[in-house]
Amino acid sequence: MANDASAVFDTLSPAVSKGSPADPFTPPADSSLWRKNFLLGAATASYQIEGAVNEDGRLPSIWDTFSAIPGKVLAGDTGAVACDHYHRWEADVEMLASLGLEGYRLSIAWPRVMDAAGAPNRKGIDFYKRLLNRLKEKGITTFVTLYHWDLPQHLEDRGGWLNRDTAYRFADYADLMSCELAGTVDAWATLNEPWCSAYLGYGNGHHAPGLANDRFATQAMHHLLLAHGLAVPVLRTNDPASQKGIVANIGRGTPNSDSAADQRAAHLFEVQHNAWILDPLLKGSYPQDLFELWPGTEPLVLDGDMETISAPLDFLGINYYFRTNVASDGAHGFRDVPLEGVERTQMGWEVYPDGLRDLLIGFKETYHNLPPIYITENGMASDDEVTDGRVDDTQRISFLKRHLAAVDQAIKAGVDIRGYFLWSLMDNFEWAFGYERRFGVVHVDYSTQKRTIKRSAELVEKFLQERKAKA
Ligand code: IFM
């Protein structure tokens, strides 16, 4: 494809590695990112930053349980303290505002705001009220995710996402939060990355609750999507002025060779990662190829479920990180064939901005450019250290520039993309990888909780200032 986003790095990297004073981030003058209505923000999630897991009546979540099991999380880390954001939220909001970021995507911890009988926990709710009110005072656009993986443990004890009833409990939770927070939320996302909840949580057991069965994964996915579909009309009733959507992680699968078998493998990879979620939401049906990949795993679907799941959305949140190169496994599926000599992040994920552009353009064709898209997460982990009070995260600066160039290319190809959130505002608890992997544009010293603005954040701030000055 023309306009290869990686080419930006080729011209950029020598200057970056020699420490040139030239600005390695600011987008070119013709970039759509200069449009002042293109929202640029940062994202976090409750369990990854809040800590205070036993305070003010918060109940245990599946991640408290899971991370306490030896061997489940690197170095035995847990979210018990995390970035201590529950106590430091005022300073964190100041920091966000001082960086000039225009949007903030956060999530609510379900176990903090509702008890096991479904009654509100006033102290937990008040925390989010204070936080959202302050963000609004600062003029920051608020995107609130209702479920970013911290399911109350008492619901998991009754089957979690394998139990259809959890979808109805989620609608109750959405009802409570949208009644309480209406007017302070610009956009509600029901779920973050249902693929991760269903597949990593119930399909391969790498995430909480740690179950491993393909049939469980498809049933959990169905109940997650049903929960989303039940919540959307509730949110519309209680908070009509806000946007309603969902956030999906998507992955690019590329074939290892031109053989028909490898082409099919790459197609199946994208069915399993993308169409599994987007087809039911946007077409009202599951992709049949999924059940070719996993024979006999069709979920139990009741009459009317698919209509509920495919209710119209105001936006779709897209999270993108990397691509996977695949070959046929010789049977019905695919196997990873990691490419040699490619650029990778601290996670081992390949840096591949063209994948974001190509997927976005592909979705425009497949789903008729509806609904509008926000890139709700994009970023990378690196082993950042503070030296003389500074963090020079050169690879992240280049990563962000190249991915934003890919977004610009997709916009120019006609994809309706309205904004972009950096993952993440600050280093945090990276699930099964604990605190070792640093995704933030702000460094966190976990022994002191000191925040240090990384150079990437400084450059984003500089760009936003320039954009504001031109407006
Ligand atoms: O940290 C996670 C986030 O919680 C969900 N999306 C991917 C990020 C990086 O792994």
# chains A, B, ... in the order shown; residues from 1 in each chain; ligands from 1

call {"tool": "residues_around", "arguments": {"residues": "region 122-127 of chain A", "least_positions_apart": "2", "cutoff": "12 Å", "atoms": "only C-alpha atoms", "output": "MDAnalysis selection string"}}
result
chainID A and resid 46 50 52:59 85:90 108:115 119:120 129:134 173 176:181

call {"tool": "write_last_selection", "arguments": {"atoms": "C-alpha atoms", "output": "CSV table (one decimal), in the first residue's frame"}}
result
chain,number,residue,atom,x,y,z
A,46,SER,CA,-9.6,1.2,37.6
A,50,GLU,CA,-6.5,2.9,41.8
A,52,ALA,CA,-7.2,1.0,47.8
A,53,VAL,CA,-8.7,-2.4,47.2
A,54,ASN,CA,-10.1,-2.7,50.8
A,55,GLU,CA,-11.2,0.8,51.3
A,56,ASP,CA,-14.6,2.4,51.7
A,57,GLY,CA,-16.5,-0.8,51.2
A,58,ARG,CA,-15.0,-2.0,48.0
A,59,LEU,CA,-15.6,-5.7,47.5
A,85,HIS,CA,-4.7,6.9,42.4
A,86,TYR,CA,-7.7,6.5,44.8
A,87,HIS,CA,-5.8,8.8,47.1
A,88,ARG,CA,-3.8,10.8,44.6
A,89,TRP,CA,-6.5,11.5,42.1
A,90,GLU,CA,-6.5,15.3,42.5
A,108,ILE,CA,-15.3,2.4,37.1
A,109,ALA,CA,-14.6,-0.4,39.5
A,110,TRP,CA,-17.9,-2.3,39.7
A,111,PRO,CA,-17.0,-3.8,43.2
A,112,ARG,CA,-16.4,-0.3,44.5
A,113,VAL,CA,-19.9,1.1,43.8
A,114,MET,CA,-22.4,-1.8,44.4
A,115,ASP,CA,-22.7,-4.4,47.1
A,119,ALA,CA,-27.4,-1.7,46.7
A,120,PRO,CA,-25.3,1.4,46.0
A,129,LYS,CA,-18.4,11.9,41.2
A,130,ARG,CA,-15.6,13.9,42.7
A,131,LEU,CA,-13.2,12.7,39.9
A,132,LEU,CA,-15.6,13.4,37.1
A,133,ASN,CA,-16.7,16.8,38.4
A,134,ARG,CA,-13.1,17.9,38.6
A,173,TYR,CA,-25.0,-1.6,37.5
A,176,LEU,CA,-27.1,2.8,38.8
A,177,MET,CA,-24.0,4.5,37.4
A,178,SER,CA,-25.8,6.4,34.6
A,179,CYS,CA,-28.4,7.7,37.1
A,180,GLU,CA,-25.6,8.8,39.5
A,181,LEU,CA,-23.1,10.2,37.0

call {"tool": "residues_near_ligand", "arguments": {"ligand": "ligand 1", "cutoff": "8 Å", "atoms": "only C-alpha atoms and all ligand atoms", "output": "list in words"}}
result
Thr44, Ala45, Gln48, His148, Asn192, Glu193, Asn249, Asn319, Tyr321, Glu377, Gly379, Met380, Ala381, Trp423, Ser424, Asn428, Phe429, Glu430, Trp431 and Phe439 of chain A

call {"tool": "residues_around", "arguments": {"residues": "Gly71 (chain A)", "least_positions_apart": "4", "cutoff": "12 Å", "atoms": "only C-alpha atoms", "output": "list in words"}}
result
Phe66, Ser67, Ala75, Gly76, Asp77, Thr78, His206, His207, Gly210, Ala432, Phe433 and Gly434 of chain A

call {"tool": "write_last_selection", "arguments": {"atoms": "all heavy atoms", "output": "CSV table (one decimal), in the first residue's frame"}}
result
chain,number,residue,atom,x,y,z
A,66,PHE,N,-7.3,-13.6,41.6
A,66,PHE,CA,-6.4,-14.2,40.6
A,66,PHE,C,-5.0,-13.8,40.9
A,66,PHE,O,-4.1,-14.7,40.9
A,66,PHE,CB,-6.8,-13.7,39.2
A,66,PHE,CG,-6.1,-14.3,38.1
A,66,PHE,CD1,-6.4,-15.6,37.7
A,66,PHE,CD2,-5.1,-13.6,37.4
A,66,PHE,CE1,-5.7,-16.2,36.6
A,66,PHE,CE2,-4.4,-14.2,36.3
A,66,PHE,CZ,-4.8,-15.5,35.9
A,67,SER,N,-4.7,-12.5,41.2
A,67,SER,CA,-3.3,-12.1,41.4
A,67,SER,C,-2.8,-12.6,42.7
A,67,SER,O,-1.5,-12.6,42.9
A,67,SER,CB,-3.2,-10.5,41.3
A,67,SER,OG,-4.0,-9.9,42.2
A,75,ALA,N,6.2,-11.8,39.2
A,75,ALA,CA,6.8,-11.3,40.4
A,75,ALA,C,5.7,-11.2,41.6
A,75,ALA,O,6.0,-10.6,42.6
A,75,ALA,CB,7.4,-9.9,40.3
A,76,GLY,N,4.6,-11.9,41.4
A,76,GLY,CA,3.6,-11.9,42.4
A,76,GLY,C,2.9,-10.6,42.6
A,76,GLY,O,2.3,-10.3,43.7
A,77,ASP,N,3.0,-9.7,41.7
A,77,ASP,CA,2.4,-8.3,41.8
A,77,ASP,C,0.9,-8.4,41.9
A,77,ASP,O,0.3,-9.3,41.3
A,77,ASP,CB,2.8,-7.4,40.6
A,77,ASP,CG,4.3,-7.0,40.6
A,77,ASP,OD1,4.9,-7.1,41.7
A,77,ASP,OD2,4.8,-6.6,39.6
A,78,THR,N,0.3,-7.4,42.6
A,78,THR,CA,-1.2,-7.3,42.6
A,78,THR,C,-1.6,-5.8,42.4
A,78,THR,O,-0.7,-5.0,42.5
A,78,THR,CB,-1.8,-7.8,44.0
A,78,THR,OG1,-1.5,-6.8,44.9
A,78,THR,CG2,-1.2,-9.1,44.4
A,206,HIS,N,-5.2,-17.1,30.9
A,206,HIS,CA,-4.0,-16.2,31.2
A,206,HIS,C,-4.5,-15.1,32.1
A,206,HIS,O,-3.7,-14.4,32.7
A,206,HIS,CB,-3.4,-15.7,29.9
A,206,HIS,CG,-2.7,-16.8,29.2
A,206,HIS,ND1,-2.0,-16.6,28.0
A,206,HIS,CD2,-2.5,-18.1,29.4
A,206,HIS,CE1,-1.5,-17.7,27.5
A,206,HIS,NE2,-1.8,-18.6,28.4
A,207,HIS,N,-5.8,-14.8,32.1
A,207,HIS,CA,-6.3,-13.7,32.9
A,207,HIS,C,-7.4,-14.2,33.8
A,207,HIS,O,-7.9,-15.3,33.6
A,207,HIS,CB,-7.0,-12.6,32.0
A,207,HIS,CG,-6.0,-11.6,31.4
A,207,HIS,ND1,-6.4,-10.5,30.7
A,207,HIS,CD2,-4.6,-11.6,31.4
A,207,HIS,CE1,-5.4,-9.8,30.3
A,207,HIS,NE2,-4.3,-10.5,30.7
A,210,GLY,N,-9.3,-17.2,35.1
A,210,GLY,CA,-8.3,-18.3,34.9
A,210,GLY,C,-8.8,-19.6,34.4
A,210,GLY,O,-8.2,-20.6,34.6
A,432,ALA,N,-1.2,-9.7,33.9
A,432,ALA,CA,-0.4,-10.8,34.2
A,432,ALA,C,1.1,-10.5,34.2
A,432,ALA,O,2.0,-11.2,34.6
A,432,ALA,CB,-0.6,-12.0,33.2
A,433,PHE,N,1.5,-9.3,33.7
A,433,PHE,CA,2.9,-8.8,33.7
A,433,PHE,C,3.2,-7.9,34.8
A,433,PHE,O,4.3,-7.3,34.9
A,433,PHE,CB,3.2,-8.2,32.3
A,433,PHE,CG,3.1,-9.2,31.2
A,433,PHE,CD1,1.9,-9.3,30.4
A,433,PHE,CD2,4.1,-10.1,30.9
A,433,PHE,CE1,1.8,-10.2,29.4
A,433,PHE,CE2,4.0,-11.0,29.9
A,433,PHE,CZ,2.8,-11.1,29.2
A,434,GLY,N,2.2,-7.6,35.7
A,434,GLY,CA,2.5,-6.8,36.9
A,434,GLY,C,3.1,-5.4,36.5
A,434,GLY,O,2.7,-4.8,35.5

call {"tool": "atom_distance", "arguments": {"atom1": "CA of Leu226 (chain A)", "atom2": "CA of Tyr128 (chain A)"}}
result
25.5 Å

call {"tool": "closest_residue", "arguments": {"among": "A:Asn37, A:Gln409, A:Thr345, A:Ser259", "to": "Asp393 (chain A)", "atoms": "only C-alpha atoms"}}
result
A:Thr345

call {"tool": "select_by_dssp", "arguments": {"residues": "region 242-395 of chain A", "states": "helix (DSSP H, G or I)", "output": "PyMOL selection string"}}
result
chain A and resi 260-282+289-293+305-309+353-366+394-395

call {"tool": "select_by_dssp", "arguments": {"residues": "region 178-287 of chain A", "states": "strand (DSSP E)", "output": "short mmCIF file (atom, residue, chain, number, x, y, z; two decimals) with all heavy atoms, in the first residue's frame"}}
result
data_model
loop_
_atom_site.label_atom_id
_atom_site.label_comp_id
_atom_site.auth_asym_id
_atom_site.auth_seq_id
_atom_site.Cartn_x
_atom_site.Cartn_y
_atom_site.Cartn_z
N ALA A 187 -18.96 10.28 27.16
CA ALA A 187 -19.17 9.04 26.40
C ALA A 187 -19.04 7.85 27.34
O ALA A 187 -18.09 7.76 28.13
CB ALA A 187 -18.13 8.95 25.28
N TRP A 188 -20.01 6.95 27.23
CA TRP A 188 -20.00 5.72 28.01
C TRP A 188 -19.55 4.57 27.10
O TRP A 188 -20.13 4.39 26.02
CB TRP A 188 -21.40 5.36 28.51
CG TRP A 188 -21.99 6.25 29.54
CD1 TRP A 188 -22.83 7.30 29.34
CD2 TRP A 188 -21.81 6.16 30.96
NE1 TRP A 188 -23.19 7.87 30.54
CE2 TRP A 188 -22.57 7.18 31.56
CE3 TRP A 188 -21.07 5.30 31.79
CZ2 TRP A 188 -22.62 7.38 32.94
CZ3 TRP A 188 -21.12 5.49 33.17
CH2 TRP A 188 -21.89 6.52 33.73
N ALA A 189 -18.58 3.80 27.56
CA ALA A 189 -18.27 2.53 26.90
C ALA A 189 -18.73 1.44 27.85
O ALA A 189 -18.37 1.46 29.04
CB ALA A 189 -16.78 2.40 26.62
N THR A 190 -19.53 0.52 27.36
CA THR A 190 -20.01 -0.55 28.23
C THR A 190 -18.85 -1.43 28.69
O THR A 190 -18.60 -1.59 29.88
CB THR A 190 -21.04 -1.39 27.49
OG1 THR A 190 -20.46 -1.78 26.23
CG2 THR A 190 -22.34 -0.62 27.26
N LEU A 191 -18.14 -2.01 27.71
CA LEU A 191 -17.09 -2.99 28.01
C LEU A 191 -15.77 -2.57 27.40
O LEU A 191 -15.75 -1.97 26.32
CB LEU A 191 -17.43 -4.36 27.40
CG LEU A 191 -18.80 -4.97 27.66
CD1 LEU A 191 -18.92 -6.28 26.88
CD2 LEU A 191 -19.00 -5.24 29.16
N ASN A 192 -14.69 -2.92 28.06
CA ASN A 192 -13.38 -2.83 27.43
C ASN A 192 -12.95 -4.21 26.96
O ASN A 192 -12.90 -5.15 27.76
CB ASN A 192 -12.32 -2.34 28.42
CG ASN A 192 -10.94 -2.30 27.75
OD1 ASN A 192 -10.72 -1.47 26.89
ND2 ASN A 192 -10.06 -3.22 28.11
N GLN A 243 -22.65 10.02 24.56
CA GLN A 243 -22.51 9.00 23.51
C GLN A 243 -22.41 7.61 24.17
O GLN A 243 -21.87 7.50 25.27
CB GLN A 243 -21.23 9.21 22.73
CG GLN A 243 -21.15 10.52 21.97
CD GLN A 243 -19.86 10.54 21.16
OE1 GLN A 243 -19.72 9.85 20.16
NE2 GLN A 243 -18.91 11.33 21.62
N LYS A 244 -22.88 6.59 23.44
CA LYS A 244 -22.81 5.23 23.98
C LYS A 244 -22.06 4.33 23.01
O LYS A 244 -22.36 4.36 21.80
CB LYS A 244 -24.20 4.62 24.22
CG LYS A 244 -24.93 5.22 25.39
CD LYS A 244 -25.73 6.40 24.97
CE LYS A 244 -26.20 7.23 26.15
NZ LYS A 244 -26.64 8.58 25.72
N GLY A 245 -21.15 3.56 23.53
CA GLY A 245 -20.38 2.68 22.66
C GLY A 245 -19.75 1.54 23.42
O GLY A 245 -20.14 1.22 24.55
N ILE A 246 -18.79 0.92 22.79
CA ILE A 246 -18.08 -0.23 23.36
C ILE A 246 -16.65 -0.17 22.83
O ILE A 246 -16.42 0.44 21.79
CB ILE A 246 -18.78 -1.56 22.95
CG1 ILE A 246 -18.14 -2.78 23.63
CG2 ILE A 246 -18.82 -1.75 21.43
CD1 ILE A 246 -18.95 -4.08 23.45
N VAL A 247 -15.73 -0.79 23.53
CA VAL A 247 -14.32 -0.77 23.12
C VAL A 247 -13.86 -2.19 22.79
O VAL A 247 -14.00 -3.10 23.61
CB VAL A 247 -13.46 -0.18 24.26
CG1 VAL A 247 -11.97 -0.37 23.96
CG2 VAL A 247 -13.77 1.29 24.47
N ALA A 248 -13.32 -2.35 21.58
CA ALA A 248 -12.83 -3.67 21.14
C ALA A 248 -11.35 -3.59 20.82
O ALA A 248 -10.90 -2.63 20.19
CB ALA A 248 -13.59 -4.12 19.91
N ASN A 249 -10.58 -4.59 21.25
CA ASN A 249 -9.20 -4.69 20.79
C ASN A 249 -9.21 -5.44 19.46
O ASN A 249 -9.98 -6.39 19.28
CB ASN A 249 -8.31 -5.42 21.80
CG ASN A 249 -8.81 -6.79 22.16
OD1 ASN A 249 -9.96 -6.95 22.60
ND2 ASN A 249 -7.98 -7.80 22.01
N ILE A 250 -8.39 -4.98 18.55
CA ILE A 250 -8.34 -5.64 17.25
C ILE A 250 -6.90 -6.00 16.93
O ILE A 250 -5.97 -5.38 17.41
CB ILE A 250 -8.90 -4.74 16.13
CG1 ILE A 250 -8.16 -3.39 16.10
CG2 ILE A 250 -10.40 -4.54 16.33
CD1 ILE A 250 -8.39 -2.61 14.84
N GLY A 251 -6.73 -7.04 16.13
CA GLY A 251 -5.38 -7.48 15.80
C GLY A 251 -5.26 -7.72 14.31
O GLY A 251 -6.21 -8.18 13.66
N ARG A 252 -4.08 -7.39 13.77
CA ARG A 252 -3.82 -7.66 12.37
C ARG A 252 -3.17 -9.03 12.25
O ARG A 252 -2.19 -9.32 12.97
CB ARG A 252 -2.87 -6.58 11.82
CG ARG A 252 -2.56 -6.72 10.35
CD ARG A 252 -3.81 -6.42 9.55
NE ARG A 252 -3.55 -6.27 8.14
CZ ARG A 252 -4.40 -6.67 7.20
NH1 ARG A 252 -5.53 -7.28 7.51
NH2 ARG A 252 -4.13 -6.45 5.93
N GLY A 253 -3.69 -9.87 11.38
CA GLY A 253 -3.06 -11.16 11.10
C GLY A 253 -2.55 -11.15 9.67
O GLY A 253 -3.31 -10.83 8.75
N THR A 254 -1.26 -11.43 9.49
CA THR A 254 -0.74 -11.45 8.11
C THR A 254 -0.26 -12.86 7.79
O THR A 254 0.26 -13.57 8.67
CB THR A 254 0.40 -10.44 7.91
OG1 THR A 254 1.36 -10.62 8.94
CG2 THR A 254 -0.12 -9.01 7.95
N PRO A 255 -0.43 -13.29 6.52
CA PRO A 255 -0.05 -14.67 6.15
C PRO A 255 1.45 -14.81 6.00
O PRO A 255 2.12 -13.93 5.47
CB PRO A 255 -0.76 -14.87 4.81
CG PRO A 255 -0.97 -13.49 4.24
CD PRO A 255 -1.04 -12.54 5.41
#

call {"tool": "closest_residue", "arguments": {"among": "A:Tyr435, A:Tyr352, A:Phe421, A:Phe315", "to": "Arg402 (chain A)", "atoms": "only C-alpha atoms"}}
result
A:Tyr352

call {"tool": "closest_residue", "arguments": {"among": "A:Thr366, A:Gln346, A:Gln288, A:Asn378", "to": "Gly317 (chain A)", "atoms": "only C-alpha atoms"}}
result
A:Asn378

call {"tool": "atom_distance", "arguments": {"atom1": "CA of Arg236 (chain A)", "atom2": "CA of Ser107 (chain A)"}}
result
18.5 Å

call {"tool": "closest_residue", "arguments": {"among": "A:Gly348, A:Gly341, A:His443, A:Leu302", "to": "Arg323 (chain A)", "atoms": "only C-alpha atoms"}}
result
A:Gly348

call {"tool": "residues_around", "arguments": {"residues": "Ile361 (chain A)", "least_positions_apart": "5", "cutoff": "8 Å", "atoms": "only C-alpha atoms", "output": "list of chain:residue names"}}
result
A:Ala410, A:Ala413, A:Gly414, A:Val415

call {"tool": "write_last_selection", "arguments": {"atoms": "C-alpha atoms", "output": "PDB file, in the first residue's frame"}}
result
ATOM      1  CA  ALA A 410      -7.110   6.017   7.429  1.00  0.00           C
ATOM      2  CA  ALA A 413      -9.029   7.168   3.064  1.00  0.00           C
ATOM      3  CA  GLY A 414     -12.468   8.129   4.383  1.00  0.00           C
ATOM      4  CA  VAL A 415     -12.654   6.328   7.735  1.00  0.00           C
TER       5      VAL A 415
END

call {"tool": "closest_residue", "arguments": {"among": "A:Pro60, A:Pro240, A:Gly103, A:Gly51", "to": "Asp84 (chain A)", "atoms": "only C-alpha atoms"}}
result
A:Gly51

call {"tool": "atom_distance", "arguments": {"atom1": "CA of Ser328 (chain A)", "atom2": "CA of Asp289 (chain A)"}}
result
14.5 Å

call {"tool": "residues_around", "arguments": {"residues": "Glu466 (chain A)", "least_positions_apart": "6", "cutoff": "12 Å", "atoms": "only C-alpha atoms", "output": "ChimeraX atom specification"}}
result
/A:26-27,29,33-36,100,459-460

call {"tool": "residues_around", "arguments": {"residues": "Leu356 (chain A)", "least_positions_apart": "5", "cutoff": "8 Å", "atoms": "only C-alpha atoms", "output": "list in words"}}
result
Arg252, Tyr320, His403, Ala406 and Val407 of chain A

call {"tool": "write_last_selection", "arguments": {"atoms": "all heavy atoms", "output": "compact mmCIF listing (two decimals), in the first residue's frame"}}
result
# COMPACT_ATOMS: atom_id res chain seq x y z
N ARG A 252 -4.08 -7.39 13.77
CA ARG A 252 -3.82 -7.66 12.37
C ARG A 252 -3.17 -9.03 12.25
O ARG A 252 -2.19 -9.32 12.97
CB ARG A 252 -2.87 -6.58 11.82
CG ARG A 252 -2.56 -6.72 10.35
CD ARG A 252 -3.81 -6.42 9.55
NE ARG A 252 -3.55 -6.27 8.14
CZ ARG A 252 -4.40 -6.67 7.20
NH1 ARG A 252 -5.53 -7.28 7.51
NH2 ARG A 252 -4.13 -6.45 5.93
N TYR A 320 -5.60 -0.82 19.50
CA TYR A 320 -4.69 -1.54 18.59
C TYR A 320 -3.27 -1.50 19.14
O TYR A 320 -2.79 -0.44 19.56
CB TYR A 320 -4.70 -0.91 17.19
CG TYR A 320 -3.67 -1.54 16.26
CD1 TYR A 320 -3.94 -2.75 15.62
CD2 TYR A 320 -2.43 -0.94 16.07
CE1 TYR A 320 -2.98 -3.34 14.79
CE2 TYR A 320 -1.48 -1.53 15.24
CZ TYR A 320 -1.76 -2.73 14.61
OH TYR A 320 -0.81 -3.32 13.79
N HIS A 403 1.99 5.62 14.58
CA HIS A 403 0.60 5.16 14.66
C HIS A 403 -0.37 6.30 14.39
O HIS A 403 -1.42 6.10 13.78
CB HIS A 403 0.33 4.47 16.01
CG HIS A 403 0.92 3.09 16.04
ND1 HIS A 403 2.26 2.84 16.25
CD2 HIS A 403 0.35 1.87 15.81
CE1 HIS A 403 2.50 1.54 16.17
NE2 HIS A 403 1.35 0.92 15.92
N ALA A 406 -0.61 6.57 10.80
CA ALA A 406 -1.49 5.53 10.25
C ALA A 406 -2.96 5.94 10.41
O ALA A 406 -3.79 5.73 9.51
CB ALA A 406 -1.24 4.20 10.97
N VAL A 407 -3.28 6.55 11.54
CA VAL A 407 -4.66 7.04 11.76
C VAL A 407 -4.99 8.13 10.74
O VAL A 407 -6.07 8.13 10.12
CB VAL A 407 -4.81 7.57 13.21
CG1 VAL A 407 -6.14 8.29 13.39
CG2 VAL A 407 -4.68 6.43 14.21

call {"tool": "residues_around", "arguments": {"residues": "Trp195 (chain A)", "least_positions_apart": "3", "cutoff": "8 Å", "atoms": "only C-alpha atoms", "output": "MDAnalysis selection string"}}
result
chainID A and resid 198:200 221 248:249 273 277

call {"tool": "write_last_selection", "arguments": {"atoms": "N, CA and C atoms", "output": "mmCIF file, in the first residue's frame"}}
result
data_model
loop_
_atom_site.group_PDB
_atom_site.id
_atom_site.type_symbol
_atom_site.label_atom_id
_atom_site.label_comp_id
_atom_site.auth_asym_id
_atom_site.auth_seq_id
_atom_site.Cartn_x
_atom_site.Cartn_y
_atom_site.Cartn_z
ATOM 1 N N ALA A 198 -13.277 -12.660 27.508
ATOM 2 C CA ALA A 198 -13.792 -13.990 27.149
ATOM 3 C C ALA A 198 -12.662 -14.981 26.891
ATOM 4 N N TYR A 199 -11.697 -14.582 26.054
ATOM 5 C CA TYR A 199 -10.695 -15.563 25.625
ATOM 6 C C TYR A 199 -9.577 -15.737 26.657
ATOM 7 N N LEU A 200 -9.016 -14.606 27.128
ATOM 8 C CA LEU A 200 -7.916 -14.733 28.102
ATOM 9 C C LEU A 200 -8.445 -15.166 29.464
ATOM 10 N N MET A 221 -18.278 -14.816 25.926
ATOM 11 C CA MET A 221 -18.383 -13.700 24.976
ATOM 12 C C MET A 221 -19.853 -13.354 24.734
ATOM 13 N N ALA A 248 -13.321 -2.353 21.580
ATOM 14 C CA ALA A 248 -12.831 -3.671 21.145
ATOM 15 C C ALA A 248 -11.349 -3.589 20.819
ATOM 16 N N ASN A 249 -10.584 -4.593 21.253
ATOM 17 C CA ASN A 249 -9.203 -4.691 20.786
ATOM 18 C C ASN A 249 -9.210 -5.444 19.461
ATOM 19 N N HIS A 273 -10.061 -12.780 16.239
ATOM 20 C CA HIS A 273 -9.738 -11.583 17.035
ATOM 21 C C HIS A 273 -10.711 -10.435 16.814
ATOM 22 N N ILE A 277 -16.183 -10.294 17.592
ATOM 23 C CA ILE A 277 -16.808 -9.238 18.400
ATOM 24 C C ILE A 277 -17.583 -8.278 17.504
#
